[in-house]
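Have a look at the structure below before the remarks.
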Amino acid sequence: MTALLLRDLKLSVRAGGGALIGVLFFMTVVAVIPFGVGPDLNLLSRIGPAIVWIGALLSALLGLDRMFQTDREDGSLDLILMQEHPLVLTVLIKCLAHWLGNGLPLVIASPLLGLFMNMSEVAIGATMLTLLVGTPALTFIGAVGAAVAVALPRGGLLVSILVLPLAIPVLIFGVSASYAAVEDPAPFMPPFLILVAITMFFAVIGPIGAALALRNTAD
Amino acid sequence: MRLTAENLSARRGEDLIFKDISFRLDGGECLVLTGKNGSGKSTLLRTVAGLLRPETGRVTWTSDGAQAGMRAAEACHYLGHRNAMKAELSVSENLSFWREFLGNFSGGPTSEPKGVSIGEAAEQVGLGGITHLPFGYLSAGQQRRMAFAKLLVSWRPVWILDEPTAALDVSAEEVFTGLITNHLAAGGIALAATHQPLGVENARELRMTGFEGVMEEMW
């Protein structure tokens with residue numbers, strides 16, 4: 001299992017891997033907002049957390065469809081399905097590797113993009129923390145979509161559309177927790193804890209769903 | 001140890017590809033599937049490997065150390081049309097991943113052979129000394145040989161080979177024949193679909209006739 005984790009991490013940083021592309025897309029999305037909205041610093045800092053979250057969500061969706069598809073294209077998925085390891089565990093490891101390769105770089109890049117949006121230190125810290133907790137949920141939800149669409153030749157957009165409704169709660173609670181950290185009357189902990197709960201819920205449901213979908217992909 | 005298939009039938013879409021195929025293979029035996037393109041050789045192999053759900057019948061694996069209810073697929077190596085190797089990783093990274101991920105088969109007698117080291121496996125397929133190259137740099141024939149080396153790095157009693165000699169020169173075919181013969185001599189079982197004769201002695205032949213669902217077995 002460690003071998004699978006290491007292999008997927010290596011693949012995500014080698015040529016054709018999604019790690020850098022995701023971060024670049026994230027930067028592009030967030031960096032064009034000030035040009036569109038105009039140089040109103042107060043407005044930028046007010047919408048900052050939401051924009052950073054939306055950017056992270058879109059970049060997280062970008063790389064999802066490759067999670068199982070590359071393995072299917074070269075035949076590795078067949079061998080992975082044949083092994084005695086529980087498939088749920090294998091999928092969980094793949095999700096973990098995918099998050100480390102694609103989600104974690106987004107979290108690390110987010111403070112820089114917070115500066116673009118003229119966010120305060122507290123807001124930047126809160127956004128980074130909520131992204132750290134929330135992006136794994138996006139990966140787990142996306143694993144189900146990626147597994148369902150694995151046999152489709154151009155499943156990329158379909159995965160995003162399938163996954164987006166389920167990802168909306170993550171966005172809502174991530175953004176509201178980030179705002180709660182800077183706006184006084186709103187409490188930070190309740191939305192943050194709900195975000196944690198969503199992540200843990202999908203950490204269980206996601207791999208089970210993805211494993212079922214992979215088992216039933218007849219080709 | 002014994003691999004048994006009982007009354008297997010499989011369907012692709014609406015069409016029944018074959019029906020009521022039964023065979024029984026003991027240690028040291030080899031079954032070669034022949035027949036024209038589209039006669040269901042690959043479908044049968046994928047069914048035995050547990051990658052397609054059979055319409056009727058079942059595949060079972062029995063041996064002294066095997067637990068009851070073990071899937072037959074866990075005792076099998078599957079070499080399909082695709083090589084299951086990553087072009088971005090070097091040959092030794094690919095092989096060491098499969099070596100660790102597949103492990104050695106544990107459901108048989110304790111004295112079963114183990115997988116050989118990566119260098120030795122590359123030597124055995126006649127390509128020692130180039131394991132540091134990225135897999136994508138190799139020619140089609142070399143890639144096929146390296147995919148075959150994957151069968152050597154971890155021990156599985158059953159080898160399921162789908163067109164193992166496609167894209168290979170004559171000397172490589174001899175190498176493969178030697179490796180399959182060694183595997184049989186070590187008590188293994190081989191199940192191969194092929195157009196060229198494999199040259200393995202005492203191989204039994206199952207001629208697939210395809211669409212009509214009529215089978216003619218020659219022993």
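In the structure tokens, chains take the letters A, B, ... in the order shown, each chain's residues start at 1, and ligands count up from 1 in the order shown.
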
7 Å contacts from chain B to chain A using only C-alpha atoms, as a ChimeraX atom specification: /B:50-52,73-74,78,82-85,88,97,100-101

Run DSSP on the backbone and grab whatever in chain A lands in alpha helix (DSSP H); send it over as a PyMOL selection string. chain A and resi 2-13+19-37+41-62+66-73+76-82+87-98+104-116+121-148+156-182+189-215

Nearby residues (only C-alpha atoms) at most 9 Å from range 192-203 of chain B, same-chain spacing under 6 positions excluded, as a count of residues only: 27

Per DSSP on the backbone, what are the strand (DSSP E) residues of range 15-135 of chain B, as a PyMOL selection string? chain B and resi 15-26+30-34+56-62+76-79

Just give me the gap between CA of Pro136 in chain A and CA of Val107 in chain A in Å, one decimal is fine.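 These atoms are spaced 10.7 Å apart.
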
Which value, in Å to one decimal, gives the distance between CA of Val13 in chain A and CA of Gly63 in chain A?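 Between CA of Val13 in chain A and CA of Gly63 in chain A the gap is 12.9 Å.
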
Find the distance between CA of Met1 in chain B and CA of Ala75 in chain B and write it in Å to one decimal.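 CA of Ala75 in chain B lies 10.4 Å from CA of Met1 in chain B.
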
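The shortest atom-to-atom distance to Asn102 in chain A, with only C-alpha atoms taken into account, belongs to A:Ile21 out of A:Ala137, A:Met117, A:Ile21, A:Leu89.
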